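J.: Got a structure for you, written out below as structure tokens; questions coming shortly.
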Amino acid sequence: MDYTTRQRLLRARSGVRTSRVRFGAAGPHIVGGARHDLLIDGVQLEKPIHHFITLDTRDPRCPIESDCFSKLPLLYPLLYGAGGGEIQYTVISNERIKVHHLSECYADDPYVDHDQLPSTKASLVKLSYGQERLVHALDSHFDAKLSWLDRFRLRQCGGEDFWRIGGTFETCQGPVWSLCRNPDCDWSNSFGGDCQSSITPIALISASKQHLGDVWDQYSEDVEFFFGFCPHCGAIHAENRCT
């Protein structure tokens, strides 16, 4: 896949800083539910893949832009991988993705007892300078007692477990490195298919009951669902981390 094609499919939007997801009755982004209009190629599904959020790339706060699609679906296999599921896929268009890698399905030991998350709409709200500074301090394991102003700032952005979109961030276990399984990935092909690449972050979603309720079942609240993309081919990578 040459550079021009990669840029046309998916690229990072410049100048986008950290936003939080605000849930509500209105907004250009779709949370949960089932994307019945989305064709999933490349794999035979034993169980549904959960739709976390579809980002409208026309929103200037969306960290991704593309010449091929305006809907970026972030999917995660909650019913696969025995709690440590992974998926990699390329977004081809608004109605089609191609899966390159999906964890094994353990039908007898599901981590959740449902096929989809609650459906709602959402918008992206940019963090204030003070909120973003505080969040980055906490990411660096800032352990001093927070001032009343910092506690207020955290409450305003939904606490430490807000759904984070865009900006520069790491998981609770640091940056994500992954072996890209896209057969058209220049990086994997150049290094014999066994060299991991740093994955550019898109979103970090906590398994907190705060936003969607008690929907995470066996996933504890310290689990983070990471979504990012391979900078060499644009394939979406989703996996989880736990403290």
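Note on naming: chains are A, B, ... as they come in the structure tokens, residues start from 1 per chain, ligands start from 1 in the order shown.
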Would you pick out the contacts of stretch 199-214 of chain A at 6 Å or less, using only C-alpha atoms, so that residues sharing its chain but fewer than 3 positions from it are not included, and give the list as a ChimeraX atom specification?
T.: /A:161,163-166,176-177,221,223-230
J.: Which polymer residues have any atom within 9 Å of an atom of A:Cys105, counting only C-alpha atoms, with same-chain residues fewer than 6 positions away left out, as a VMD selection string?
T.: chain A and resid 45 to 47 77 79 to 82 85
J.: Taking only C-alpha atoms into account, which of A:Ile53, A:Ile236, A:Gln116, A:Val125 comes nearest A:Asn182?
T.: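 Closest to A:Asn182, using only C-alpha atoms: A:Ile236.
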J.: DSSP on the backbone, then: every residue of stretch 180-224 of chain A marked strand (DSSP E), written as a list in words.
T.: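 For stretch 180-224 of chain A, the strand (DSSP E) set is Ser197, Ser198, Thr200, Pro201, Ile202, Ala203, Leu204, Ile205, Ser206, Val223 and Glu224 of chain A.
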J.: Counting only C-alpha atoms, figure out which residue out of A:Leu117, A:Ala12, A:Leu39, A:Ala107 gets nearest to A:Asn94.
T.: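 Ranking A:Leu117, A:Ala12, A:Leu39, A:Ala107 by distance to A:Asn94, first place goes to A:Leu39.
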J.: If we count only C-alpha atoms and set the cut-off at 7 Å, which residues sit around A:Cys172, ignoring sequence neighbours fewer than 2 positions away in its own chain? Please answer as a list of chain:residue names.
T.: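 Near A:Cys172, the qualifying residues are A:Glu170, A:Gly174, A:Arg241, A:Cys242, A:Thr243.
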J.: Please compute the atom CA of A:Phe169-atom CA of A:Pro183 distance, one decimal, in Å.
T.: 27.6 Å
J.: If I take atom CA of A:His36 and atom CA of A:Glu239, how far is one from the other in Å, to one decimal?
T.: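 That distance, rounded to one decimal, is 22.7 Å.
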J.: When you look at A:Val16 with a cut-off of 8 Å (counting only C-alpha atoms), what residues show up, excluding the ones that are within fewer than 6 positions of it in the same chain? I need them as a list in words.
T.: Pro60, Arg61, Cys62, Pro63, Gly166 and Gly167 of chain A
J.: Near A:Leu55, counting only C-alpha atoms, which residues have an atom at most 6 Å away, once you skip same-chain residues fewer than 4 positions from it, shown as a list of chain:residue names?
T.: A:His29, A:Lys71, A:Leu72
J.: Can you measure atom CA of A:Glu104 to atom CA of A:Asp194 for me? One decimal in Å is fine.
T.: 20.1 Å
J.: Ranking A:Asp186, A:Tyr129, A:Asn240, A:Cys180 by minimum distance to A:Ser198 and counting only C-alpha atoms, which one comes first?
T.: A:Cys180
J.: Of the candidates A:Ser66, A:Ser14, A:Ser119, A:Thr54, which shows the shortest atom-to-atom distance to A:Val215, using only C-alpha atoms?
T.: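 Closest to A:Val215, using only C-alpha atoms: A:Ser119.
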J.: Among stretch 16-143 of chain A, which ones does DSSP place in helix (DSSP H, G or I), written as a list in words?
T.: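 After running DSSP on the backbone, stretch 16-143 of chain A has helix (DSSP H, G or I) at Gly81, Ala82, Gly83, Tyr129, Gly130, Gln131, Glu132, Arg133, Leu134, Val135, His136, Ala137, Leu138 and Asp139 of chain A.
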J.: A:Pro28: which residues within 9 Å, counting only C-alpha atoms, same-chain residues fewer than 5 positions away excluded, as an NGL selection string?
T.: :A and (55-56 or 58-59 or 121-124)
